[in-house]
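Here is the file upload-v7.txt (compact mmCIF, C-alpha atoms (C1' of nucleotides)).
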```txt
# COMPACT_ATOMS: atom_id res chain seq x y z
CA MET A 1355 17.57 102.65 16.34
CA PHE A 1356 18.66 105.68 18.33
CA GLU A 1357 15.32 106.40 19.99
CA LEU A 1358 16.23 105.26 23.47
CA PHE A 1359 19.59 106.96 23.29
CA THR A 1360 18.19 110.29 22.14
CA ALA A 1361 15.44 110.07 24.74
CA HIS A 1362 18.10 109.51 27.38
CA ILE A 1363 20.03 112.56 26.21
CA ASN A 1364 16.85 114.62 26.16
CA SER A 1365 16.06 113.61 29.68
CA LYS A 1366 19.31 115.21 30.85
CA ILE A 1367 19.92 118.15 28.53
CA LYS A 1368 18.07 120.11 25.88
CA LEU A 1369 19.33 119.87 22.33
CA THR A 1370 17.89 121.35 19.15
CA PRO A 1371 16.97 118.81 16.46
CA ALA A 1372 19.98 119.98 14.46
CA GLU A 1373 22.31 119.46 17.40
CA MET A 1374 20.85 116.07 18.07
CA GLU A 1375 21.38 115.07 14.50
CA LEU A 1376 24.96 116.22 14.68
CA VAL A 1377 25.51 114.27 17.88
CA ILE A 1378 24.04 111.13 16.39
CA SER A 1379 26.33 111.37 13.41
CA PHE A 1380 29.25 110.56 15.72
CA TYR A 1381 27.64 107.40 17.09
CA PHE A 1382 27.15 104.03 15.49
CA PRO A 1383 24.94 101.11 16.40
CA LYS A 1384 26.41 97.73 17.25
CA SER A 1385 24.81 94.42 18.06
CA ILE A 1386 26.60 91.79 20.04
CA SER A 1387 25.36 88.38 20.93
CA LYS A 1388 25.51 86.59 24.24
CA ASN A 1389 29.05 85.69 25.33
CA GLN A 1390 30.63 87.88 22.70
CA LEU A 1391 33.52 89.99 23.96
CA LEU A 1392 33.56 93.76 23.54
CA VAL A 1393 36.73 94.48 25.49
CA GLN A 1394 39.53 92.18 26.51
CA PRO A 1395 42.83 92.47 28.38
CA GLY A 1396 45.74 93.75 26.37
CA LYS A 1397 43.55 95.67 23.95
CA ILE A 1398 42.53 99.29 24.23
CA CYS A 1399 38.91 100.00 25.07
CA THR A 1400 38.02 102.07 22.03
CA GLU A 1401 34.34 102.73 22.64
CA ILE A 1402 31.85 103.92 25.18
CA SER A 1403 28.68 101.89 24.73
CA PHE A 1404 25.17 102.92 25.59
CA VAL A 1405 22.96 99.88 26.11
CA ASN A 1406 19.76 99.94 24.14
CA LYS A 1407 18.69 96.39 24.81
CA GLY A 1408 20.15 93.32 26.47
CA CYS A 1409 22.74 93.19 29.21
CA LEU A 1410 26.52 93.49 29.45
CA ARG A 1411 28.99 93.04 32.24
CA SER A 1412 32.55 94.10 32.89
CA TYR A 1413 34.83 91.88 34.90
CA SER A 1414 38.42 91.23 35.85
CA MET A 1415 40.07 87.86 36.20
CA ASP A 1416 42.50 87.08 38.99
CA ALA A 1417 45.57 84.84 39.01
CA GLN A 1418 43.44 81.80 39.97
CA GLY A 1419 41.13 82.40 37.00
CA ASN A 1420 38.23 83.65 39.09
CA LYS A 1421 36.08 86.31 37.47
CA HIS A 1422 35.05 89.38 39.46
CA ILE A 1423 32.18 91.37 38.02
CA LEU A 1424 32.63 95.10 38.34
CA GLN A 1425 29.51 96.31 36.62
CA PHE A 1426 26.35 95.20 34.91
CA ALA A 1427 24.81 97.40 32.24
CA VAL A 1428 21.20 97.07 31.19
CA ALA A 1429 19.14 99.41 29.01
CA ASN A 1430 19.88 103.11 29.54
CA TRP A 1431 23.26 102.47 31.11
CA ILE A 1432 26.67 102.97 29.58
CA ILE A 1433 29.66 100.74 29.94
CA ALA A 1434 33.35 100.98 29.11
CA ASP A 1435 36.71 100.51 30.71
CA MET A 1436 37.14 104.20 31.33
CA GLU A 1437 40.73 103.78 32.49
CA SER A 1438 41.73 102.39 29.11
CA PHE A 1439 39.37 104.62 27.16
CA VAL A 1440 40.65 107.88 28.57
CA THR A 1441 44.34 107.04 28.92
CA GLY A 1442 44.77 104.77 25.93
CA ILE A 1443 46.59 102.13 27.93
CA PRO A 1444 45.58 98.51 27.25
CA SER A 1445 42.66 97.31 29.26
CA LYS A 1446 43.05 94.81 32.09
CA MET A 1447 39.45 93.72 31.99
CA TYR A 1448 36.77 92.03 29.97
CA ILE A 1449 33.40 93.31 28.82
CA ASP A 1450 30.95 90.91 27.25
CA ALA A 1451 27.24 90.40 26.71
CA ILE A 1452 25.28 88.16 29.03
CA LYS A 1453 22.18 88.68 26.87
CA ASP A 1454 22.09 89.55 23.19
CA ALA A 1455 22.47 93.30 23.11
CA ASP A 1456 22.00 96.36 20.96
CA LEU A 1457 24.39 99.18 21.65
CA VAL A 1458 24.97 102.75 20.58
CA CYS A 1459 28.68 103.45 20.60
CA ILE A 1460 31.12 106.25 20.17
CA HIS A 1461 34.75 105.68 19.28
CA ARG A 1462 37.45 107.29 21.35
CA ASN A 1463 38.80 108.98 18.23
CA ASP A 1464 35.47 110.76 17.84
CA TYR A 1465 34.66 111.45 21.45
CA GLU A 1466 36.51 114.71 22.02
CA GLU A 1467 35.57 115.86 18.55
CA MET A 1468 31.90 115.26 19.25
CA LEU A 1469 32.20 117.23 22.49
CA LEU A 1470 33.77 120.11 20.59
CA ALA A 1471 31.05 119.99 17.96
CA VAL A 1472 28.24 119.96 20.54
CA PRO A 1473 29.58 121.32 23.83
CA LYS A 1474 26.25 120.75 25.54
CA MET A 1475 27.17 117.10 25.54
CA GLU A 1476 29.80 117.90 28.14
CA LYS A 1477 26.94 118.33 30.54
CA TYR A 1478 25.39 115.04 29.49
CA TYR A 1479 28.58 113.16 30.28
CA ARG A 1480 29.13 115.15 33.44
CA LEU A 1481 25.70 114.09 34.68
CA LEU A 1482 26.33 110.49 33.71
CA GLY A 1483 29.59 110.65 35.61
CA GLN A 1484 27.78 111.97 38.66
CA SER A 1485 25.31 109.10 38.59
CA HIS A 1486 28.13 106.67 38.19
CA ILE A 1487 29.92 108.17 41.17
CA VAL A 1488 26.83 107.90 43.33
CA ALA A 1489 26.42 104.26 42.34
CA SER A 1490 30.10 103.52 42.98
CA GLN A 1491 29.95 105.13 46.37
CA ARG A 1492 27.11 102.86 47.42
CA ARG A 1493 28.92 99.88 45.96
CA VAL A 1494 32.16 100.58 47.79
CA ASN A 1495 30.33 101.14 51.03
CA ALA A 1496 28.54 97.82 50.70
CA ALA A 1497 31.74 96.02 49.77
CA ILE A 1498 33.70 97.22 52.80
CA SER A 1499 30.96 97.35 55.45
CA TYR A 1500 28.36 94.69 54.78
CA THR A 1501 28.09 91.00 55.53
CA ALA A 1502 27.23 88.62 52.72
CA GLU A 1503 23.58 88.75 53.67
CA GLN A 1504 23.43 92.55 53.84
CA LYS A 1505 25.10 92.78 50.45
CA TYR A 1506 22.47 90.58 48.90
CA VAL A 1507 19.58 92.44 50.49
CA GLU A 1508 20.91 95.79 49.36
CA PHE A 1509 21.52 94.50 45.87
CA SER A 1510 18.06 93.08 45.47
CA ASN A 1511 16.55 96.34 46.68
CA ASN A 1512 18.67 98.49 44.38
CA TYR A 1513 18.54 96.28 41.30
CA PRO A 1514 15.41 94.12 41.36
CA ASP A 1515 15.57 93.84 37.58
CA LEU A 1516 19.07 92.37 37.64
CA ILE A 1517 17.99 89.73 40.13
CA GLN A 1518 15.82 88.49 37.28
CA ALA A 1519 18.21 89.10 34.41
CA ALA A 1520 21.51 87.79 35.72
CA PRO A 1521 22.28 84.21 36.71
CA GLN A 1522 22.99 83.74 40.35
CA HIS A 1523 26.66 82.92 40.07
CA MET A 1524 27.23 86.28 38.36
CA ILE A 1525 25.42 88.14 41.10
CA ALA A 1526 27.61 86.32 43.60
CA SER A 1527 30.67 87.44 41.67
CA TYR A 1528 29.40 91.02 41.61
CA LEU A 1529 28.86 90.92 45.36
CA GLY A 1530 32.31 89.50 46.03
CA MET A 1531 31.25 86.10 47.33
CA THR A 1532 31.15 82.54 46.01
CA PRO A 1533 28.03 81.07 44.39
CA GLU A 1534 27.79 78.63 47.28
CA THR A 1535 27.69 81.44 49.80
CA LEU A 1536 25.00 83.29 47.88
CA SER A 1537 22.94 80.15 47.66
CA ARG A 1538 23.12 79.71 51.42
CA VAL A 1539 22.36 83.37 52.07
CA LYS A 1540 19.20 83.12 50.01
CA LYS A 1541 18.14 80.00 51.85
CA GLN A 1542 18.59 81.80 55.18
CA GLN A 1543 16.63 84.78 53.87
CA PHE A 1544 13.81 82.53 52.86
CA LYS A 1545 13.61 80.88 56.25
CA LYS A 1546 13.41 84.23 58.02
CA LYS A 1547 10.11 85.22 56.50
CA MET B 1364 44.38 131.48 48.21
CA PHE B 1365 43.02 130.09 44.97
CA GLU B 1366 46.34 129.39 43.29
CA LEU B 1367 46.26 125.62 43.55
CA PHE B 1368 42.64 125.50 42.51
CA THR B 1369 43.10 127.69 39.45
CA ALA B 1370 46.21 125.73 38.50
CA HIS B 1371 44.18 122.55 38.73
CA ILE B 1372 41.51 123.98 36.47
CA ASN B 1373 44.13 125.21 34.02
CA SER B 1374 45.67 121.77 33.88
CA LYS B 1375 42.38 120.38 32.56
CA ILE B 1376 40.81 123.18 30.51
CA LYS B 1377 41.77 126.53 29.09
CA LEU B 1378 40.04 129.58 30.51
CA THR B 1379 40.63 133.25 29.77
CA PRO B 1380 41.60 135.37 32.78
CA ALA B 1381 38.13 136.92 32.69
CA GLU B 1382 36.46 133.53 32.72
CA MET B 1383 38.69 132.37 35.53
CA GLU B 1384 37.82 135.41 37.56
CA LEU B 1385 34.16 134.77 36.97
CA VAL B 1386 34.55 131.15 38.04
CA ILE B 1387 36.39 132.11 41.19
CA SER B 1388 33.63 134.51 42.15
CA PHE B 1389 31.36 131.51 42.75
CA TYR B 1390 33.79 129.79 45.10
CA PHE B 1391 34.73 130.60 48.65
CA PRO B 1392 37.61 129.50 50.84
CA LYS B 1393 37.06 127.57 54.01
CA SER B 1394 39.40 126.33 56.69
CA ILE B 1395 38.55 123.47 58.92
CA SER B 1396 40.61 122.06 61.70
CA LYS B 1397 41.36 118.47 62.51
CA ASN B 1398 38.32 116.46 63.63
CA GLN B 1399 35.90 119.15 62.52
CA LEU B 1400 32.87 117.87 60.62
CA LEU B 1401 32.00 119.16 57.18
CA VAL B 1402 29.08 116.84 56.46
CA GLN B 1403 27.01 114.73 58.80
CA PRO B 1404 24.07 112.35 58.54
CA GLY B 1405 20.67 113.96 58.34
CA LYS B 1406 22.00 117.16 56.83
CA ILE B 1407 22.26 117.98 53.16
CA CYS B 1408 25.73 118.10 51.69
CA THR B 1409 25.68 121.67 50.42
CA GLU B 1410 29.20 122.01 49.06
CA ILE B 1411 31.76 120.43 46.82
CA SER B 1412 35.16 121.02 48.37
CA PHE B 1413 38.47 121.19 46.59
CA VAL B 1414 41.34 120.42 48.97
CA ASN B 1415 44.10 122.98 48.96
CA LYS B 1416 45.98 121.70 51.96
CA GLY B 1417 45.46 119.08 54.65
CA CYS B 1418 43.44 115.92 54.44
CA LEU B 1419 39.77 114.98 54.68
CA ARG B 1420 37.93 111.70 54.74
CA SER B 1421 34.37 110.61 54.10
CA TYR B 1422 32.94 107.69 56.02
CA SER B 1423 29.78 105.89 56.93
CA MET B 1424 28.93 104.40 60.31
CA ASP B 1425 27.19 101.06 60.65
CA ALA B 1426 24.71 99.86 63.26
CA GLN B 1427 27.54 98.66 65.53
CA GLY B 1428 29.18 102.08 65.43
CA ASN B 1429 32.04 101.02 63.19
CA LYS B 1430 33.31 103.64 60.77
CA HIS B 1431 33.98 102.73 57.16
CA ILE B 1432 36.10 105.16 55.23
CA LEU B 1433 34.93 105.67 51.65
CA GLN B 1434 37.42 108.22 50.51
CA PHE B 1435 40.43 110.23 51.51
CA ALA B 1436 41.04 113.62 49.94
CA VAL B 1437 44.42 115.30 49.96
CA ALA B 1438 45.57 118.35 48.01
CA ASN B 1439 44.17 118.59 44.49
CA TRP B 1440 41.28 116.23 45.17
CA ILE B 1441 37.66 117.09 45.67
CA ILE B 1442 35.29 115.59 48.18
CA ALA B 1443 31.55 115.68 48.76
CA ASP B 1444 28.66 113.35 49.29
CA MET B 1445 27.57 113.54 45.68
CA GLU B 1446 24.39 111.61 46.34
CA SER B 1447 23.17 114.26 48.75
CA PHE B 1448 24.67 117.14 46.79
CA VAL B 1449 22.96 116.32 43.52
CA THR B 1450 19.64 115.01 44.81
CA GLY B 1451 19.23 117.23 47.85
CA ILE B 1452 18.34 114.32 50.11
CA PRO B 1453 19.97 114.30 53.56
CA SER B 1454 23.37 112.69 53.67
CA LYS B 1455 23.96 109.34 55.31
CA MET B 1456 27.63 109.93 55.82
CA TYR B 1457 30.27 112.00 57.55
CA ILE B 1458 33.06 114.10 56.12
CA ASP B 1459 35.68 115.52 58.44
CA ALA B 1460 39.28 116.66 58.47
CA ILE B 1461 42.01 114.34 59.66
CA LYS B 1462 44.54 117.16 59.26
CA ASP B 1463 43.85 120.88 59.44
CA ALA B 1464 42.70 121.76 55.98
CA ASP B 1465 42.17 124.66 53.59
CA LEU B 1466 39.37 124.18 51.10
CA VAL B 1467 37.90 125.93 48.12
CA CYS B 1468 34.18 125.29 48.04
CA ILE B 1469 31.17 125.88 45.89
CA HIS B 1470 27.65 125.85 47.27
CA ARG B 1471 25.04 123.70 45.57
CA ASN B 1472 22.87 126.77 45.05
CA ASP B 1473 25.64 128.28 42.94
CA TYR B 1474 26.87 125.19 41.17
CA GLU B 1475 24.49 125.05 38.21
CA GLU B 1476 24.60 128.80 37.92
CA MET B 1477 28.38 128.77 37.72
CA LEU B 1478 28.19 126.11 35.01
CA LEU B 1479 25.77 128.28 33.05
CA ALA B 1480 28.01 131.30 33.47
CA VAL B 1481 31.13 129.44 32.34
CA PRO B 1482 30.07 126.38 30.34
CA LYS B 1483 33.69 125.32 29.87
CA MET B 1484 33.57 124.23 33.49
CA GLU B 1485 31.26 121.42 32.43
CA LYS B 1486 34.32 119.84 30.90
CA TYR B 1487 36.34 120.37 34.07
CA TYR B 1488 33.78 118.50 36.12
CA ARG B 1489 33.33 115.88 33.45
CA LEU B 1490 37.06 115.16 33.58
CA LEU B 1491 37.05 115.09 37.37
CA GLY B 1492 34.19 112.63 37.19
CA GLN B 1493 36.15 110.44 34.82
CA SER B 1494 39.13 110.33 37.16
CA HIS B 1495 36.84 109.52 40.03
CA ILE B 1496 35.28 106.68 38.05
CA VAL B 1497 38.67 105.21 37.22
CA ALA B 1498 39.65 105.35 40.88
CA SER B 1499 36.36 103.81 41.99
CA GLN B 1500 36.72 101.02 39.50
CA ARG B 1501 40.09 100.07 40.93
CA ARG B 1502 38.73 100.36 44.44
CA VAL B 1503 35.74 98.11 43.78
CA ASN B 1504 37.91 95.56 42.07
CA ALA B 1505 40.28 95.44 45.04
CA ALA B 1506 37.41 95.22 47.51
CA ILE B 1507 35.77 92.24 45.83
CA SER B 1508 38.79 90.33 44.56
CA TYR B 1509 41.74 90.86 46.85
CA THR B 1510 42.89 89.30 50.10
CA ALA B 1511 43.76 91.59 52.99
CA GLU B 1512 47.41 91.47 52.02
CA GLN B 1513 46.80 92.24 48.36
CA LYS B 1514 44.60 95.17 49.33
CA TYR B 1515 47.34 96.65 51.42
CA VAL B 1516 50.00 96.18 48.77
CA GLU B 1517 47.85 97.79 46.10
CA PHE B 1518 46.96 100.67 48.38
CA SER B 1519 50.55 101.41 49.31
CA ASN B 1520 51.51 101.36 45.63
CA ASN B 1521 48.67 103.63 44.57
CA TYR B 1522 48.76 106.04 47.49
CA PRO B 1523 52.24 106.11 49.02
CA ASP B 1524 51.56 109.61 50.36
CA LEU B 1525 48.49 108.48 52.28
CA ILE B 1526 50.48 105.71 53.93
CA GLN B 1527 52.39 108.55 55.54
CA ALA B 1528 49.51 110.93 56.12
CA ALA B 1529 46.78 108.69 57.51
CA PRO B 1530 46.94 106.73 60.78
CA GLN B 1531 46.93 103.01 60.32
CA HIS B 1532 43.53 102.33 61.78
CA MET B 1533 42.01 104.62 59.15
CA ILE B 1534 43.79 102.86 56.34
CA ALA B 1535 42.45 99.59 57.73
CA SER B 1536 38.96 101.06 57.68
CA TYR B 1537 39.42 102.25 54.11
CA LEU B 1538 40.56 98.80 53.08
CA GLY B 1539 37.64 97.11 54.78
CA MET B 1540 39.55 95.28 57.50
CA THR B 1541 40.18 95.69 61.21
CA PRO B 1542 43.24 97.50 62.58
CA GLU B 1543 44.42 94.20 64.04
CA THR B 1544 44.34 92.53 60.66
CA LEU B 1545 46.25 95.34 59.01
CA SER B 1546 48.85 95.20 61.74
CA ARG B 1547 49.34 91.48 61.12
CA VAL B 1548 49.42 91.92 57.37
CA LYS B 1549 52.20 94.47 57.67
CA LYS B 1550 54.17 92.16 59.93
CA GLN B 1551 53.88 89.37 57.38
CA GLN B 1552 54.93 91.76 54.62
CA PHE B 1553 57.98 92.72 56.59
CA LYS B 1554 59.06 89.16 57.20
CA LYS B 1555 58.83 88.36 53.49
CA LYS B 1556 61.60 90.75 52.52
C1' DC C 987 17.14 59.57 27.33
C1' DG C 988 21.31 61.50 28.56
C1' DC C 989 24.20 65.43 28.66
C1' DG C 990 25.72 69.76 30.85
C1' DG C 991 25.45 74.18 33.09
C1' DG C 992 23.86 76.06 37.10
C1' DT C 993 22.33 75.62 41.76
C1' DT C 994 22.18 73.29 46.15
C1' DT C 995 24.00 70.78 50.05
C1' DG C 996 27.49 68.97 53.07
C1' DA C 997 32.05 68.60 55.35
C1' DT C 998 36.21 70.80 56.24
C1' DG C 999 39.42 74.53 56.57
C1' DA C 1000 41.38 79.22 56.12
C1' DT C 1001 40.95 83.96 56.54
C1' DG C 1002 39.90 87.60 59.09
C1' DC C 1003 37.03 89.24 63.32
C1' DT C 1004 36.36 89.78 68.36
C1' DC C 1005 37.81 90.47 72.78
C1' DA C 1006 41.39 91.29 75.88
C1' DA C 1007 45.83 92.49 77.37
C1' DG C 1008 50.25 94.65 76.83
C1' DC C 1009 53.27 97.94 74.67
C1' DC C 1010 55.04 102.15 72.73
C1' DC C 1011 55.34 106.95 72.64
C1' DG C 1012 54.16 111.73 72.71
C1' DG C 1013 51.88 115.12 75.57
C1' DT C 1014 50.68 117.10 80.11
C1' DG C 1015 51.00 118.40 84.69
C1' DG C 1016 53.18 117.94 89.14
C1' DC D 1196 62.65 116.30 84.73
C1' DC D 1197 59.95 112.67 85.68
C1' DA D 1198 55.42 110.29 86.28
C1' DC D 1199 51.38 109.52 84.42
C1' DC D 1200 47.92 109.34 81.10
C1' DG D 1201 45.83 107.99 76.77
C1' DG D 1202 45.59 106.87 71.93
C1' DG D 1203 47.20 103.94 68.68
C1' DC D 1204 49.58 99.91 67.45
C1' DT D 1205 50.73 95.07 68.46
C1' DT D 1206 50.07 90.42 70.07
C1' DG D 1207 47.51 86.39 71.44
C1' DA D 1208 43.62 83.06 71.86
C1' DG D 1209 39.25 81.65 70.41
C1' DC D 1210 35.64 82.05 67.16
C1' DA D 1211 32.48 83.26 63.14
C1' DT D 1212 32.06 83.84 58.52
C1' DC D 1213 32.94 82.63 54.29
C1' DA D 1214 35.86 79.79 50.90
C1' DT D 1215 37.05 75.34 49.12
C1' DC D 1216 36.26 70.87 47.51
C1' DA D 1217 33.20 67.34 46.33
C1' DA D 1218 28.94 65.29 45.34
C1' DA D 1219 24.15 65.37 44.30
C1' DC D 1220 20.42 67.55 42.18
C1' DC D 1221 17.59 70.03 38.88
C1' DC D 1222 16.08 71.14 34.46
C1' DG D 1223 16.23 72.63 29.75
C1' DC D 1224 17.83 70.94 25.40
C1' DG D 1225 19.75 68.16 21.88
```
As structure tokens - that is how I would like this structure written.
Amino acid sequence: MFELFTAHINSKIKLTPAEMELVISFYFPKSISKNQLLVQPGKICTEISFVNKGCLRSYSMDAQGNKHILQFAVANWIIADMESFVTGIPSKMYIDAIKDADLVCIHRNDYEEMLLAVPKMEKYYRLLGQSHIVASQRRVNAAISYTAEQKYVEFSNNYPDLIQAAPQHMIASYLGMTPETLSRVKKQQFKKK
Amino acid sequence: MFELFTAHINSKIKLTPAEMELVISFYFPKSISKNQLLVQPGKICTEISFVNKGCLRSYSMDAQGNKHILQFAVANWIIADMESFVTGIPSKMYIDAIKDADLVCIHRNDYEEMLLAVPKMEKYYRLLGQSHIVASQRRVNAAISYTAEQKYVEFSNNYPDLIQAAPQHMIASYLGMTPETLSRVKKQQFKKK
DNA sequence: CGCGGGTTTGATGATGCTCAAGCCCGGTGG
DNA sequence: CCACCGGGCTTGAGCATCATCAAACCCGCG
């Protein structure tokens, strides 16, 4: 149940078995099936979710009803609308499963308490934050500097697993282009080699 | 010297005077003048810098020699190439001052040690990371969903101070458009009201 | 077999880029 | 004090990239 999660924690920090047990007591498992919503606009994002299995995405929707994918989360990643989670303001985005998923979650009411109970977990979340920042930095750089083709190449290098897991129109959305453009980019790519 | 920095820490966590003194002992002040480089490609980013005064930017340069600004940092913000800082691989980006700046820095050799000496600082950096993530999320969303005009409007709402502080061509770079486009967008904006 | 979501392809058009020139303005030196 | 220089901003014309709209295609599934 919690094996992957505890292994992930152990890979970043060292906890005694007692501490680990205490940590776990604050978390709860949750399964959501494909297309099921975890977060939606107007509601507060109450949980941080660690993905055990499956795949989630977070996205916003613009005035024309177009979805824009901000993040994918596969196994060993966490996902949440941190803006809503930390401030308590209603979320403006959606999070749902694109493949049936098993999660390990912590509620925002328990989060600070857990960190007080096991302060070493501050480091765990600091390190996660650092990884997230590194990933965001790359993402922003690609978004503002790259052509459609460069974006796709970089993405497929960085996330070869997602190329498999996610349907193409979602990858297009993540990359900030239309499905048609991505289709044409791939065709071009193919011709080049 | 360290007033703003200690105030910033105190606004996020509670430290005893002794702890604060210990923390401070790991940091050193640094002044850099306009146009001076703090980080450059090929070299490891050895410091995290807290901005006391002035303004810095981080940017990448593409094959055509175009600069793409990833982040601005004014007072009370921190800046670093976290990818290089945490992994120790050479940076691929530049950080320089766009206004004479006073910084409070910590060297990567001292960072983990400082966190061991004063574990409460884990929380400080966790919270900074959270803020950074929230900001990045907004930035990514704007980059992939907005038109040039929407990007500018959102930016001027979120960072009215930077509209003053940064020259227009840098704001254009930050927003992922050319200076010409930003100029035209502003003209349009003006005509609307 | 036929439906439907997702992908591909094509034609057209808009947004934003490129290149080039002119303008504005603050700083410098005669 | 004025002339000149230069960087940054603006303006214009033409163009490339990518979006839009529409239709066809593919394929798994009921």
Counting all atoms listed in the file, chain A residues within 9 Å of chain C, as a PyMOL selection string:
chain A and resi 1521-1523+1533-1534+1537-1538
Give me, as a tab-separated table (two decimals) with C-alpha atoms, in the frame of the given file, all polymer residues having an atom no more than 6 Å from segment 1453-1458 of chain B, counting only C-alpha atoms (C1' of nucleotides) and skipping those fewer than 3 positions away in the same chain.
```tsv
chain	number	residue	atom	x	y	z
B	1400	LEU	CA	32.87	117.87	60.62
B	1401	LEU	CA	32.00	119.16	57.18
B	1402	VAL	CA	29.08	116.84	56.46
B	1403	GLN	CA	27.01	114.73	58.80
B	1404	PRO	CA	24.07	112.35	58.54
B	1405	GLY	CA	20.67	113.96	58.34
B	1406	LYS	CA	22.00	117.16	56.83
B	1407	ILE	CA	22.26	117.98	53.16
B	1420	ARG	CA	37.93	111.70	54.74
B	1421	SER	CA	34.37	110.61	54.10
B	1422	TYR	CA	32.94	107.69	56.02
B	1423	SER	CA	29.78	105.89	56.93
B	1447	SER	CA	23.17	114.26	48.75
```
Kindly give the distance, in Å, that separates atom CA of Leu1469 of chain A and atom CA of Leu1478 of chain B, rounded to a single decimal.
15.9 Å
With all atoms listed in the file as the counted atoms, please give the residues lying no more than 10 Å from Glu1401 of chain A, apart from itself and same-chain residues fewer than 5 positions off, as a VMD selection string.
chain A and resid 1381 1392 to 1393 1433 to 1436 1438 to 1439 1458 to 1465
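Distance annotation: of B:Lys1462, B:Lys1393, B:Lys1430, B:Arg1489, the residue with the minimal separation from chain A is B:Arg1489; atom set is only C-alpha atoms.
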Could you list, with a cut-off of 12 Å and counting only C-alpha atoms (C1' of nucleotides), the residues of chain D near chain B, each shown with its nearest atom pair and the distance in Å rounded to one decimal, rows sorted by chain and ascending number, as a tab-separated table?
```
residue	atom	partner	partner_atom	distance
D:DG1202	C1'	B:Pro1530	CA	11.2
D:DG1203	C1'	B:His1532	CA	8.0
D:DC1204	C1'	B:Ser1546	CA	7.4
D:DT1205	C1'	B:Ser1546	CA	7.0
D:DT1206	C1'	B:Arg1547	CA	9.0
D:DG1207	C1'	B:Glu1543	CA	11.2
D:DA1214	C1'	B:Thr1510	CA	11.9
```
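Relative to atom CA of Asp1465 of chain B, atom CA of Val1494 of chain A is found at 26.7 Å.
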Given a cut-off of 6 Å, which residues of chain B touch chain A, counting all atoms listed in the file, written out as a PDB file with C-alpha atoms, keeping the file's coordinate frame?
```pdb
ATOM      1  CA  GLU B1446      24.390 111.610  46.340  1.00  0.00           C
ATOM      2  CA  GLU B1485      31.260 121.420  32.430  1.00  0.00           C
ATOM      3  CA  LYS B1486      34.320 119.840  30.900  1.00  0.00           C
ATOM      4  CA  ARG B1489      33.330 115.880  33.450  1.00  0.00           C
ATOM      5  CA  GLY B1492      34.190 112.630  37.190  1.00  0.00           C
ATOM      6  CA  VAL B1497      38.670 105.210  37.220  1.00  0.00           C
ATOM      7  CA  VAL B1503      35.740  98.110  43.780  1.00  0.00           C
ATOM      8  CA  ILE B1507      35.770  92.240  45.830  1.00  0.00           C
ATOM      9  CA  GLY B1539      37.640  97.110  54.780  1.00  0.00           C
TER      10      GLY B1539
END
```
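Atom pair atom CA of Thr1450 of chain B / atom CA of Thr1501 of chain A has a distance of 27.6 Å (rounded to one decimal).
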If we count only C-alpha atoms (C1' of nucleotides), what is near Phe1509 of chain A at a cut-off of 9 Å, once residues fewer than 5 positions away on the same chain are taken out, given as a ChimeraX atom specification?
/A:1504,1514,1516-1517,1525,1529
Which one is closest to Val1539 of chain A: A:Val1507, A:Ala1520, A:Ile1402, A:Met1468? Count only C-alpha atoms.
A:Val1507
Box in all listed atoms of segment 996-999 of chain C, axis-aligned, with 5 Å more on each side; write out centre and edge lengths in Å to one decimal as AutoDock Vina command-line options.
```
--center_x 33.5 --center_y 71.6 --center_z 54.8 --size_x 21.9 --size_y 15.9 --size_z 13.5
```
Find the residues around Val1472 of chain A up to 9 Å (all atoms listed in the file counted), leave out those fewer than 6 positions away in its own chain, and share them as a ChimeraX atom specification.
/A:1373-1374,1376-1377
Show which residues sit within 12 Å of Leu1358 of chain A, as an MDAnalysis selection string. Count only C-alpha atoms (C1' of nucleotides), and ignore same-chain residues fewer than 2 positions away.
chainID A and resid 1355:1356 1360:1365 1383 1404:1407 1429:1431 1456:1458
Output of the above residues as a PDB file, in the coordinates of the input, restricted to C-alpha atoms:
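Below is the file that was written, out.pdb:
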```pdb
ATOM      1  CA  MET A1355      17.570 102.650  16.340  1.00  0.00           C
ATOM      2  CA  PHE A1356      18.660 105.680  18.330  1.00  0.00           C
ATOM      3  CA  THR A1360      18.190 110.290  22.140  1.00  0.00           C
ATOM      4  CA  ALA A1361      15.440 110.070  24.740  1.00  0.00           C
ATOM      5  CA  HIS A1362      18.100 109.510  27.380  1.00  0.00           C
ATOM      6  CA  ILE A1363      20.030 112.560  26.210  1.00  0.00           C
ATOM      7  CA  ASN A1364      16.850 114.620  26.160  1.00  0.00           C
ATOM      8  CA  SER A1365      16.060 113.610  29.680  1.00  0.00           C
ATOM      9  CA  PRO A1383      24.940 101.110  16.400  1.00  0.00           C
ATOM     10  CA  PHE A1404      25.170 102.920  25.590  1.00  0.00           C
ATOM     11  CA  VAL A1405      22.960  99.880  26.110  1.00  0.00           C
ATOM     12  CA  ASN A1406      19.760  99.940  24.140  1.00  0.00           C
ATOM     13  CA  LYS A1407      18.690  96.390  24.810  1.00  0.00           C
ATOM     14  CA  ALA A1429      19.140  99.410  29.010  1.00  0.00           C
ATOM     15  CA  ASN A1430      19.880 103.110  29.540  1.00  0.00           C
ATOM     16  CA  TRP A1431      23.260 102.470  31.110  1.00  0.00           C
ATOM     17  CA  ASP A1456      22.000  96.360  20.960  1.00  0.00           C
ATOM     18  CA  LEU A1457      24.390  99.180  21.650  1.00  0.00           C
ATOM     19  CA  VAL A1458      24.970 102.750  20.580  1.00  0.00           C
TER      20      VAL A1458
END
```
